[in-house]
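> Data file work20.txt (compact mmCIF, C-alpha atoms and all ligand atoms) is appended below.
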```
# COMPACT_ATOMS: atom_id res chain seq x y z
CA MET A 1 114.52 237.75 48.94
CA SER A 2 117.93 237.31 50.57
CA VAL A 3 118.46 234.69 53.24
CA PHE A 4 118.86 237.54 55.74
CA GLN A 5 115.58 239.20 54.84
CA TYR A 6 113.89 235.82 54.81
CA LYS A 7 114.99 235.07 58.37
CA LEU A 8 113.80 238.41 59.69
CA SER A 9 110.44 238.44 57.94
CA SER A 10 107.75 237.94 60.55
CA ARG A 11 105.19 235.44 59.43
CA SER A 12 101.96 233.95 60.57
CA GLY A 13 102.31 230.69 58.64
CA PRO A 14 104.64 227.74 59.03
CA ILE A 15 108.33 228.60 59.50
CA THR A 16 109.90 225.16 60.01
CA VAL A 17 109.67 221.79 58.29
CA GLU A 18 107.89 220.50 61.39
CA ASP A 19 105.30 223.33 61.12
CA TYR A 20 104.72 222.24 57.52
CA ARG A 21 104.36 218.64 58.68
CA ARG A 22 101.53 219.67 60.99
CA ALA A 23 99.88 221.77 58.27
CA ALA A 24 100.14 218.85 55.82
CA ARG A 25 98.58 216.51 58.37
CA ARG A 26 95.54 218.80 58.49
CA ALA A 27 95.37 219.15 54.68
CA VAL A 28 95.08 215.52 53.60
CA PRO A 29 92.87 212.57 54.62
CA ASP A 30 94.19 209.87 56.98
CA MET A 31 94.82 207.43 54.15
CA VAL A 32 97.05 209.84 52.22
CA TRP A 33 98.82 210.85 55.42
CA ALA A 34 99.62 207.21 56.19
CA TYR A 35 101.20 206.91 52.75
CA VAL A 36 103.26 210.11 52.99
CA ASP A 37 104.38 210.12 56.58
CA GLY A 38 104.48 206.45 57.53
CA GLY A 39 107.25 203.91 57.37
CA ALA A 40 107.68 200.16 57.49
CA GLU A 41 106.50 198.06 60.44
CA ASP A 42 107.49 199.56 63.82
CA HIS A 43 109.10 202.69 62.36
CA THR A 44 112.43 201.73 63.93
CA THR A 45 114.46 202.85 60.92
CA LEU A 46 112.25 205.89 60.38
CA ARG A 47 113.08 207.04 63.92
CA ALA A 48 116.73 205.98 63.61
CA ASN A 49 117.12 208.25 60.59
CA ARG A 50 116.29 211.23 62.80
CA ARG A 51 118.12 210.12 65.92
CA ALA A 52 121.38 209.60 64.05
CA PHE A 53 121.72 213.39 63.69
CA ASP A 54 121.58 213.89 67.47
CA ARG A 55 124.73 211.85 67.93
CA TRP A 56 126.82 214.63 66.43
CA CYS A 57 127.57 218.13 67.70
CA LEU A 58 128.75 220.91 65.46
CA ARG A 59 132.11 222.42 66.13
CA THR A 60 132.54 226.18 65.96
CA HIS A 61 135.38 228.52 65.21
CA VAL A 62 134.74 232.13 66.12
CA LEU A 63 136.18 235.30 64.63
CA THR A 64 136.72 233.69 61.26
CA GLY A 65 135.11 236.61 59.44
CA LYS A 66 133.25 234.11 57.29
CA GLU A 67 129.63 234.21 56.15
CA ALA A 68 127.99 231.36 54.27
CA ARG A 69 126.29 233.15 51.40
CA ASP A 70 127.22 230.88 48.53
CA LEU A 71 125.83 227.40 49.16
CA SER A 72 126.16 226.18 45.61
CA VAL A 73 127.38 222.72 44.66
CA GLU A 74 127.43 220.68 41.48
CA VAL A 75 125.72 217.30 41.25
CA ALA A 76 126.08 215.16 38.14
CA GLY A 77 127.50 218.20 36.37
CA VAL A 78 124.43 220.31 37.19
CA PRO A 79 125.02 223.46 39.25
CA LEU A 80 122.62 223.75 42.20
CA SER A 81 122.22 226.88 44.32
CA LEU A 82 122.02 224.77 47.47
CA PRO A 83 123.09 221.21 48.31
CA VAL A 84 119.54 219.88 48.39
CA LEU A 85 117.65 217.92 45.73
CA LEU A 86 114.03 216.78 45.80
CA ALA A 87 114.06 213.00 46.23
CA PRO A 88 111.79 210.89 44.02
CA THR A 89 108.36 210.43 45.57
CA GLY A 90 105.71 208.38 43.82
CA LEU A 91 102.00 209.26 43.65
CA THR A 92 102.74 212.82 44.78
CA GLY A 93 99.56 214.03 43.04
CA ILE A 94 97.44 212.47 45.78
CA SER A 95 98.91 214.92 48.29
CA HIS A 96 98.35 217.93 46.05
CA TRP A 97 97.08 217.88 42.50
CA THR A 98 100.10 219.79 41.14
CA GLY A 99 102.21 216.79 42.16
CA GLU A 100 105.66 216.18 40.74
CA LEU A 101 105.31 218.90 38.10
CA GLY A 102 104.55 221.53 40.76
CA ALA A 103 107.49 220.26 42.81
CA ALA A 104 109.85 220.37 39.81
CA GLN A 105 108.81 223.94 38.99
CA ALA A 106 109.30 224.97 42.60
CA ALA A 107 112.70 223.27 42.67
CA GLU A 108 113.96 225.17 39.66
CA ARG A 109 112.64 228.48 40.97
CA THR A 110 114.82 227.78 44.02
CA GLY A 111 117.87 226.78 42.00
CA THR A 112 117.72 223.03 42.37
CA ARG A 113 116.21 219.96 40.66
CA VAL A 114 113.78 217.14 41.23
CA ILE A 115 114.52 213.45 40.76
CA LEU A 116 111.28 212.39 39.07
CA SER A 117 109.90 209.06 40.29
CA THR A 118 108.94 206.24 37.93
CA ALA A 119 105.71 206.17 39.95
CA ALA A 120 105.06 209.89 39.38
CA THR A 121 101.56 211.12 38.64
CA TYR A 122 102.98 213.33 35.88
CA SER A 123 104.78 211.70 32.97
CA VAL A 124 108.38 212.42 31.96
CA GLU A 125 107.04 214.29 28.92
CA GLU A 126 104.70 216.44 31.01
CA VAL A 127 107.47 217.38 33.46
CA ALA A 128 109.95 218.09 30.65
CA GLY A 129 107.33 220.22 28.86
CA GLY A 130 106.39 222.16 32.00
CA THR A 131 109.88 223.03 33.23
CA GLU A 132 112.78 225.10 31.91
CA HIS A 133 115.68 222.91 32.95
CA ASP A 134 116.46 219.25 32.61
CA HIS A 135 115.80 217.27 35.75
CA PHE A 136 116.80 213.76 36.88
CA PHE A 137 114.81 210.57 36.42
CA GLN A 138 114.47 207.81 39.01
CA LEU A 139 114.16 204.36 37.55
CA TYR A 140 112.37 201.42 39.07
CA PRO A 141 113.60 198.50 36.98
CA TRP A 142 110.18 196.89 36.76
CA ALA A 143 109.55 193.95 34.47
CA ASP A 144 106.33 193.34 32.61
CA GLU A 145 105.60 189.62 32.23
CA ALA A 146 104.07 190.29 28.82
CA THR A 147 107.10 192.01 27.31
CA GLY A 148 109.91 190.20 29.13
CA ALA A 149 112.38 191.16 31.81
CA ARG A 150 114.04 194.23 30.37
CA ALA A 151 111.68 195.72 27.78
CA LEU A 152 109.68 197.84 30.20
CA THR A 153 112.81 199.22 31.86
CA GLU A 154 114.27 199.93 28.44
CA SER A 155 111.16 201.86 27.45
CA PHE A 156 111.36 204.00 30.62
CA ILE A 157 115.03 204.74 29.93
CA ASP A 158 114.27 205.69 26.32
CA ARG A 159 111.44 208.00 27.30
CA ALA A 160 113.55 209.73 29.96
CA LYS A 161 116.37 210.14 27.45
CA ARG A 162 114.09 211.54 24.75
CA ALA A 163 112.48 213.94 27.22
CA GLY A 164 115.95 215.33 28.01
CA PHE A 165 116.47 214.10 31.56
CA GLN A 166 120.04 214.70 32.78
CA GLY A 167 120.80 211.81 35.07
CA LEU A 168 119.38 208.42 35.90
CA PHE A 169 118.87 207.30 39.51
CA VAL A 170 118.30 203.55 39.72
CA THR A 171 116.48 202.60 42.92
CA VAL A 172 117.60 199.18 44.13
CA ASP A 173 115.95 198.84 47.54
CA VAL A 174 112.45 197.96 46.36
CA GLN A 175 112.97 194.30 45.45
CA THR A 176 109.60 193.83 47.09
CA HIS A 177 107.17 196.19 48.72
CA GLY A 178 108.09 197.26 52.26
CA ASN A 179 105.68 196.20 54.95
CA ARG A 180 103.92 199.47 55.63
CA GLU A 181 101.27 198.36 58.07
CA GLY A 182 100.14 201.92 58.78
CA GLU A 183 98.99 202.25 55.17
CA ARG A 184 97.11 198.96 55.31
CA LYS A 185 95.43 199.90 58.59
CA ARG A 186 94.14 203.09 56.98
CA GLY A 187 92.85 201.37 53.88
CA MET A 188 95.60 202.60 51.53
CA GLY A 189 95.57 199.43 49.44
CA THR A 190 94.74 198.39 45.90
CA PRO A 191 91.91 199.18 45.70
CA PRO A 192 91.65 201.55 48.66
CA VAL A 193 89.23 200.19 51.25
CA LEU A 194 86.68 202.84 52.09
CA THR A 195 84.82 202.86 55.41
CA PRO A 196 82.47 205.61 56.65
CA ALA A 197 85.28 206.99 58.86
CA ARG A 198 87.71 207.07 55.93
CA ILE A 199 85.18 208.76 53.67
CA ALA A 200 84.49 211.27 56.45
CA SER A 201 88.23 211.99 56.75
CA ALA A 202 88.20 213.03 53.07
CA ALA A 203 84.81 214.75 53.21
CA ILE A 204 85.92 217.20 55.90
CA ARG A 205 88.72 218.33 53.57
CA PRO A 206 86.68 219.67 50.61
CA LYS A 207 89.64 221.57 49.14
CA TRP A 208 91.62 218.32 48.96
CA TRP A 209 88.87 216.11 47.52
CA TYR A 210 87.66 218.69 45.03
CA ALA A 211 91.19 218.93 43.53
CA PHE A 212 91.72 215.17 43.84
CA PHE A 213 88.63 214.31 41.80
CA ARG A 214 88.92 217.26 39.43
CA HIS A 215 92.53 216.62 38.40
CA GLN A 216 92.68 212.87 39.02
CA ARG A 217 96.43 212.69 39.57
CA MET A 218 96.48 209.33 41.26
CA SER A 219 98.23 206.85 38.96
CA ALA A 220 101.76 206.28 37.71
CA ARG A 221 101.44 208.09 34.38
CA ILE A 222 104.45 206.41 32.82
CA LEU A 223 102.50 203.15 32.92
CA LEU A 224 99.03 204.31 32.06
CA ASP A 225 98.23 207.63 30.51
CA GLU A 226 94.78 207.56 32.02
CA SER A 227 93.14 209.28 34.90
CA GLY A 228 90.57 208.04 37.38
CA MET A 229 90.45 205.63 40.26
CA LYS A 230 90.30 202.47 38.12
CA ALA A 231 93.48 203.43 36.27
CA ALA A 232 95.13 204.29 39.58
CA VAL A 233 94.34 200.87 41.01
CA ARG A 234 95.53 199.15 37.84
CA SER A 235 98.80 201.07 37.80
CA VAL A 236 99.58 200.34 41.46
CA GLN A 237 98.68 196.66 41.05
CA ALA A 238 101.00 196.48 38.07
CA GLN A 239 103.84 198.02 40.07
CA TYR A 240 103.50 195.38 42.76
CA ARG A 241 103.49 192.58 40.19
CA TRP A 242 106.48 194.00 38.38
CA MET A 243 108.87 194.45 41.29
CA ARG A 244 111.86 192.20 40.79
CA PRO A 245 113.42 190.36 43.73
CA GLU A 246 115.71 188.60 41.23
CA LEU A 247 117.32 191.88 40.14
CA ASN A 248 121.12 191.56 40.32
CA TRP A 249 124.43 193.24 39.47
CA ASP A 250 124.27 192.03 35.86
CA ASP A 251 121.06 194.02 35.49
CA PHE A 252 122.79 197.04 36.93
CA ALA A 253 125.70 196.63 34.50
CA TRP A 254 123.14 196.39 31.69
CA MET A 255 121.46 199.62 32.81
CA ARG A 256 124.87 201.29 32.82
CA GLN A 257 125.18 200.34 29.14
CA GLN A 258 121.75 201.72 28.32
CA TRP A 259 122.37 205.16 29.80
CA SER A 260 125.38 207.19 28.69
CA GLY A 261 124.76 210.14 31.04
CA PRO A 262 125.38 210.31 34.79
CA LEU A 263 124.08 207.19 36.53
CA PHE A 264 123.39 207.02 40.28
CA ILE A 265 122.39 204.02 42.36
CA LYS A 266 119.86 204.82 45.09
CA GLY A 267 119.28 202.74 48.18
CA VAL A 268 122.79 201.63 49.15
CA LEU A 269 123.75 201.21 52.83
CA ASP A 270 126.82 199.01 52.59
CA ALA A 271 130.35 200.08 51.60
CA ASP A 272 131.03 196.85 49.66
CA ASP A 273 127.88 197.41 47.60
CA ALA A 274 128.87 201.02 47.00
CA ALA A 275 132.32 199.91 45.80
CA ARG A 276 130.79 197.31 43.50
CA ALA A 277 128.43 199.87 41.99
CA ALA A 278 131.28 202.32 41.46
CA ASP A 279 133.39 199.59 39.83
CA LEU A 280 130.49 198.90 37.46
CA GLY A 281 130.50 202.53 36.42
CA ALA A 282 128.06 204.27 38.79
CA ASP A 283 128.82 207.98 38.85
CA GLY A 284 127.07 208.43 42.15
CA ILE A 285 125.67 206.66 45.19
CA VAL A 286 122.59 207.71 47.12
CA VAL A 287 123.01 206.41 50.66
CA SER A 288 119.40 205.75 51.55
CA ASN A 289 117.02 203.38 53.31
CA HIS A 290 114.06 204.78 51.37
CA GLY A 291 113.12 207.00 54.30
CA GLY A 292 112.49 203.98 56.55
CA ARG A 293 109.75 202.75 54.22
CA GLN A 294 111.34 199.47 53.16
CA LEU A 295 113.38 197.31 55.59
CA ASP A 296 112.51 198.18 59.16
CA GLY A 297 115.63 197.59 61.22
CA ALA A 298 117.95 198.80 58.46
CA VAL A 299 120.72 201.14 59.55
CA ALA A 300 120.08 204.90 59.60
CA SER A 301 121.31 206.57 56.41
CA LEU A 302 123.54 209.01 58.29
CA ASP A 303 125.20 206.11 60.15
CA ALA A 304 125.88 204.29 56.88
CA LEU A 305 127.30 207.38 55.21
CA PRO A 306 130.87 207.73 56.60
CA ALA A 307 132.07 204.24 55.63
CA ILE A 308 130.65 204.60 52.12
CA ALA A 309 132.14 208.06 51.68
CA ARG A 310 135.54 206.82 52.84
CA ARG A 311 135.42 203.85 50.49
CA VAL A 312 134.16 205.40 47.25
CA GLY A 313 134.10 209.16 47.83
CA GLY A 314 137.07 209.59 45.51
CA GLN A 315 135.41 207.58 42.76
CA ALA A 316 131.73 208.58 42.86
CA GLU A 317 129.56 211.47 44.02
CA ILE A 318 127.93 210.70 47.34
CA LEU A 319 124.40 211.85 48.16
CA MET A 320 122.31 210.84 51.15
CA ASP A 321 118.69 211.03 52.20
CA GLY A 322 116.59 210.11 55.20
CA GLY A 323 115.58 212.31 58.11
CA ILE A 324 116.82 215.69 56.90
CA ARG A 325 114.56 218.25 58.59
CA ARG A 326 116.94 221.11 59.49
CA GLY A 327 119.79 223.02 57.90
CA SER A 328 122.08 221.66 60.64
CA ASP A 329 121.18 218.11 59.49
CA ILE A 330 122.47 219.03 56.04
CA VAL A 331 125.70 220.33 57.61
CA LYS A 332 126.21 217.00 59.40
CA ALA A 333 125.59 214.97 56.25
CA LEU A 334 128.04 217.12 54.29
CA CYS A 335 130.64 216.79 57.06
CA LEU A 336 130.30 213.01 56.90
CA GLY A 337 130.96 212.87 53.18
CA ALA A 338 127.79 213.75 51.24
CA LYS A 339 128.11 216.25 48.43
CA ALA A 340 124.42 217.06 48.71
CA VAL A 341 121.31 215.62 50.34
CA CYS A 342 117.86 214.72 49.07
CA ILE A 343 114.64 215.45 50.91
CA GLY A 344 111.48 213.38 50.50
CA ARG A 345 108.74 213.99 53.04
CA PRO A 346 109.68 217.63 53.80
CA TYR A 347 108.76 218.84 50.33
CA VAL A 348 105.67 216.66 50.17
CA TYR A 349 104.57 218.36 53.42
CA GLY A 350 105.13 221.71 51.71
CA LEU A 351 103.19 220.62 48.66
CA ALA A 352 100.29 219.16 50.64
CA ALA A 353 99.98 222.27 52.77
CA ARG A 354 100.45 225.03 50.18
CA GLY A 355 101.11 223.55 46.76
CA PRO A 356 104.30 224.51 44.85
CA ALA A 357 104.69 227.67 46.98
CA GLY A 358 105.03 225.38 49.99
CA VAL A 359 107.82 223.41 48.27
CA GLU A 360 109.66 226.64 47.52
CA ASP A 361 109.22 227.71 51.11
CA ILE A 362 110.61 224.42 52.43
CA LEU A 363 113.70 224.89 50.28
CA ARG A 364 114.04 228.50 51.43
CA ILE A 365 113.72 227.47 55.07
CA LEU A 366 116.44 224.84 54.66
CA ARG A 367 118.65 227.31 52.79
CA ALA A 368 118.30 229.93 55.55
CA GLU A 369 118.93 227.38 58.30
CA LEU A 370 121.94 225.95 56.49
CA SER A 371 123.43 229.39 55.91
CA THR A 372 122.88 230.36 59.56
CA ALA A 373 124.43 227.15 60.88
CA MET A 374 127.51 227.42 58.67
CA THR A 375 128.05 231.10 59.44
CA LEU A 376 127.78 230.42 63.17
CA MET A 377 130.27 227.57 62.82
CA GLY A 378 132.70 229.82 60.94
CA VAL A 379 132.65 228.07 57.58
CA ASP A 380 131.59 229.71 54.35
CA ARG A 381 131.54 227.00 51.68
CA PRO A 382 129.85 223.57 51.61
CA ALA A 383 133.07 222.10 50.17
CA ASP A 384 134.96 223.10 53.35
CA LEU A 385 132.82 220.88 55.58
CA ASP A 386 134.56 217.69 56.62
CA PRO A 387 134.53 215.32 59.64
CA SER A 388 136.74 217.68 61.63
CA TRP A 389 133.69 219.95 62.06
CA LEU A 390 131.84 217.31 64.06
CA LEU A 391 132.18 216.07 67.62
CA PRO A 392 130.51 212.83 68.71
CA ALA A 393 127.82 213.91 71.18
CA ASP A 394 128.62 211.16 73.68
CA ARG A 395 132.21 212.30 73.96
CA VAL A 396 131.76 216.04 74.31
CA VAL A 397 130.66 215.82 77.95
CA GLY A 398 133.78 216.73 79.89
CA ASP A 399 135.72 217.39 76.68
CA ALA A 400 133.54 220.12 75.24
CA ALA A 401 136.31 222.01 73.48
CA GLY A 402 136.92 219.19 71.02
CA GLY A 403 140.09 219.57 69.03
CA GLY A 404 143.26 219.34 71.04
C1 LIG B 1 105.56 209.45 49.84
C2 LIG B 1 106.90 208.90 49.40
C3 LIG B 1 107.02 208.27 48.18
C4 LIG B 1 108.26 207.78 47.77
N1 LIG B 1 108.38 207.22 46.51
C5 LIG B 1 109.61 206.88 46.07
C6 LIG B 1 109.78 206.46 44.72
O1 LIG B 1 108.84 206.42 43.94
N2 LIG B 1 111.03 206.11 44.32
C7 LIG B 1 112.12 206.16 45.18
O2 LIG B 1 113.23 205.83 44.77
N3 LIG B 1 111.97 206.58 46.45
C8 LIG B 1 110.76 206.94 46.91
N4 LIG B 1 110.63 207.41 48.19
C9 LIG B 1 111.82 207.54 49.05
C10 LIG B 1 112.47 208.91 48.88
O3 LIG B 1 113.03 209.05 47.60
C11 LIG B 1 113.57 209.15 49.91
O4 LIG B 1 114.49 208.10 49.87
C12 LIG B 1 113.04 209.33 51.35
O5 LIG B 1 111.81 209.99 51.35
C13 LIG B 1 114.04 210.13 52.17
O6 LIG B 1 113.63 210.25 53.49
P1 LIG B 1 112.86 211.53 54.06
O7 LIG B 1 111.44 211.39 53.66
O8 LIG B 1 113.05 211.40 55.54
O9 LIG B 1 113.50 212.76 53.50
C14 LIG B 1 109.39 207.89 48.62
C15 LIG B 1 109.26 208.54 49.86
C16 LIG B 1 108.02 209.05 50.25
C17 LIG B 1 107.92 209.76 51.57
```
Could you spell out this file's structure in structure tokens?
Ligand SMILES: Cc1cc2nc3c(=O)[nH]c(=O)nc-3n(C[C@H](O)[C@H](O)[C@H](O)COP(=O)(O)O)c2cc1C


Amino acid sequence: MSVFQYKLSSRSGPITVEDYRRAARRAVPDMVWAYVDGGAEDHTTLRANRRAFDRWCLRTHVLTGKEARDLSVEVAGVPLSLPVLLAPTGLTGISHWTGELGAAQAAERTGTRVILSTAATYSVEEVAGGTEHDHFFQLYPWADEATGARALTESFIDRAKRAGFQGLFVTVDVQTHGNREGERKRGMGTPPVLTPARIASAAIRPKWWYAFFRHQRMSARILLDESGMKAAVRSVQAQYRWMRPELNWDDFAWMRQQWSGPLFIKGVLDADDAARAADLGADGIVVSNHGGRQLDGAVASLDALPAIARRVGGQAEILMDGGIRRGSDIVKALCLGAKAVCIGRPYVYGLAARGPAGVEDILRILRAELSTAMTLMGVDRPADLDPSWLLPADRVVGDAAGGG
């Protein structure tokens, strides 16, 4: 279906990311919702990620005769039909049993790719076996006390390599677990704490719990190829034990040596850090605060983006994530220096509400919105977006024409 037909099709179901958010809220129990939708502490950074987009207005040029049909970009040498990737999300199988595999299949049907989380409920081998294209792998550089600091990380890298993954995304903003109080308040711990109200919240969603217990996609499969609640608890406990606050740039340099393909660093908010990563051989930087799930009070990703793009944009590919909910948000991120964006929660909403078809729909919605926004601005290619297409919202009052 073309973007045009898609926009005109009248529909009774969700038609925006926010509609999908509401549908997802209804589909999963409170505990799962707290995990998917929540952030750290007071949600200051979670909110900041969204608000940052409101500080920019889009500039328009009329009568350009341009229509944004071709939204394709290349990331890490992989052609994508739109500048949107699925960000790594761990334990995605608890939202919908098809989990990361369903999301990866939906991504490739839409012309893009998933970055598979180390904490995925489908293993690298399962995702490679169930998809046509090679995807990307996100690495948590965990260390197992039994095997020493680097052996576990090395084994993840080897498995991703053997399974044919294209690029490695090293996440560096989980030195320790973010303080997600909302999850703890709803019993999403290790083990989960069940109260009558929490059990009732699952019981009134029979479709969810039937699939949850039937398919048992609740643990990080790369750690334990086992299903069931006990394995899930063991795998999450292991992850907490194996996070490494002592991780440093030497470790990053070592990971660069281990992986000969494209290497991205995910979770950078500072231009000096971005420059250091690029000097150590990073091919790309994901400007990210983990969707406001780690350090509450950290800067919004969009606000961190311009300085990083200016500093290393010529040296490394710049991606960003955090708060993308509309096609116009993607436009703003691209104008400020991102080559493409990643979405986390939006596709998990789609998956929770409608399975892989929901993920496809989320990507189609974003594609249609992006194409509309660019056409109305008078720009036809993502590569033509630059800061000159933006006006700071606080300065347009009284100077609405911009330019000059
Ligand atoms: C439920 C959930 C699980 C996540 N798990 C991971 C993960 O395993 N590895 C990782 O690097 N980032 C993880 N993230 C962060 C995302 O990759 C991404 O940075 C963030 O979701 C972007 O913000 P957004 O949700 O507003 O799009 C997770 C995010 C969510 C919502």

> Using all atoms listed in the file, what does the table of chain A residues within 7 Å of ligand LIG 1 (chain B) look like, with each row giving the shortest atom pair and its distance in Å to one decimal, sorted by chain and ascending number, as CSV?


```
residue,atom,partner,partner_atom,distance
A:Tyr35,CA,B:LIG1,C1,5.8
A:Val36,CA,B:LIG1,C1,4.0
A:Asp37,CA,B:LIG1,C17,6.1
A:Ala87,CA,B:LIG1,O3,4.3
A:Pro88,CA,B:LIG1,O3,4.2
A:Thr89,CA,B:LIG1,N1,3.3
A:Gly90,CA,B:LIG1,O1,3.7
A:Leu91,CA,B:LIG1,C3,6.8
A:Thr92,CA,B:LIG1,C1,6.7
A:Ser117,CA,B:LIG1,O1,4.6
A:Thr118,CA,B:LIG1,O1,6.0
A:Ala119,CA,B:LIG1,O1,5.1
A:Ala120,CA,B:LIG1,O1,6.9
A:Gln138,CA,B:LIG1,O2,6.2
A:Thr171,CA,B:LIG1,O2,4.9
A:Lys266,CA,B:LIG1,O2,6.7
A:Ser288,CA,B:LIG1,O4,5.7
A:Asn289,CA,B:LIG1,O4,6.4
A:His290,CA,B:LIG1,O4,3.7
A:Gly291,CA,B:LIG1,O6,3.4
A:Asp321,CA,B:LIG1,C13,4.7
A:Gly322,CA,B:LIG1,O6,3.4
A:Gly323,CA,B:LIG1,O8,3.7
A:Ile324,CA,B:LIG1,O9,5.6
A:Cys342,CA,B:LIG1,O9,6.5
A:Ile343,CA,B:LIG1,O9,3.9
A:Gly344,CA,B:LIG1,O5,3.5
A:Arg345,CA,B:LIG1,O7,3.8
A:Pro346,CA,B:LIG1,O9,6.2
```

> I'd like the interatomic distance between CA of Ala340 in chain A and CA of Ala76 in chain A, to a tenth of an Å.

10.9 Å

> Closest to Ile199 in chain A among A:Asp250, A:Leu336, A:Tyr140, A:Arg186, using all atoms listed in the file?

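That would be A:Arg186, the residue with the smallest distance to Ile199 in chain A.
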
> Between A:Pro382, A:Gly187, A:Pro141, A:Gly261, which one has atoms that come closest to Lys161 in chain A, using only C-alpha atoms?

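For Lys161 in chain A, the nearest of the candidates is A:Gly261.
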
> Write out as JSON an axis-aligned box for range 16-20 of chain A: all of its atoms listed in the file, 5 Å added on each side, centre and edge lengths in Å with one decimal.


```
{"center_x": 107.3, "center_y": 222.8, "center_z": 59.5, "size_x": 15.2, "size_y": 14.7, "size_z": 13.9}
```

> What does the distance between CA of Tyr210 in chain A and CA of Leu194 in chain A come to in Å, to one decimal place?

17.4 Å

> For each of A:Arg26, A:Arg11, A:Arg325, A:Arg234, take the minimum atom-to-atom distance to Ser201 in chain A, counting only C-alpha atoms, then give the residue where this is smallest.

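Nearest candidate to Ser201 in chain A out of A:Arg26, A:Arg11, A:Arg325, A:Arg234: A:Arg26.
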
> Scan for residues within 8 Å of the point (128.7, 221.0, 64.0) in the coordinates of the file, using all atoms listed in the file, and reply as a PyMOL selection string.

chain A and resi 56-60+328+331-332+377+389-391

> Which one is closest to Gly337 in chain A: A:Gly292, A:Pro14, A:Gly65, A:Pro387? Count only C-alpha atoms.

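Looking at the shortest contact to Gly337 in chain A, the residue is A:Pro387.
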
> In Å to one decimal, how far is CA of Pro392 in chain A from CA of Arg51 in chain A?

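Here the two named atoms are 13.0 Å from each other.
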
> With distances taken over all atoms listed in the file, which of A:Arg310, A:Asp272, A:Val172, A:Ala163 is nearest to Met255 in chain A?

A:Val172

> Which residue gives the smallest distance to Lys66 in chain A among A:Leu224, A:Val396, A:Val379, A:Ala307, with only C-alpha atoms counted?

A:Val379

> I'd like the neighbourhood of Arg21 in chain A as a PyMOL selection string, where a residue qualifies if any of its atoms comes within 12 Å (using only C-alpha atoms), though same-chain residues fewer than 3 positions away should be ignored.

chain A and resi 14-18+24-28+33+36-37+325+345-354+358-359+362
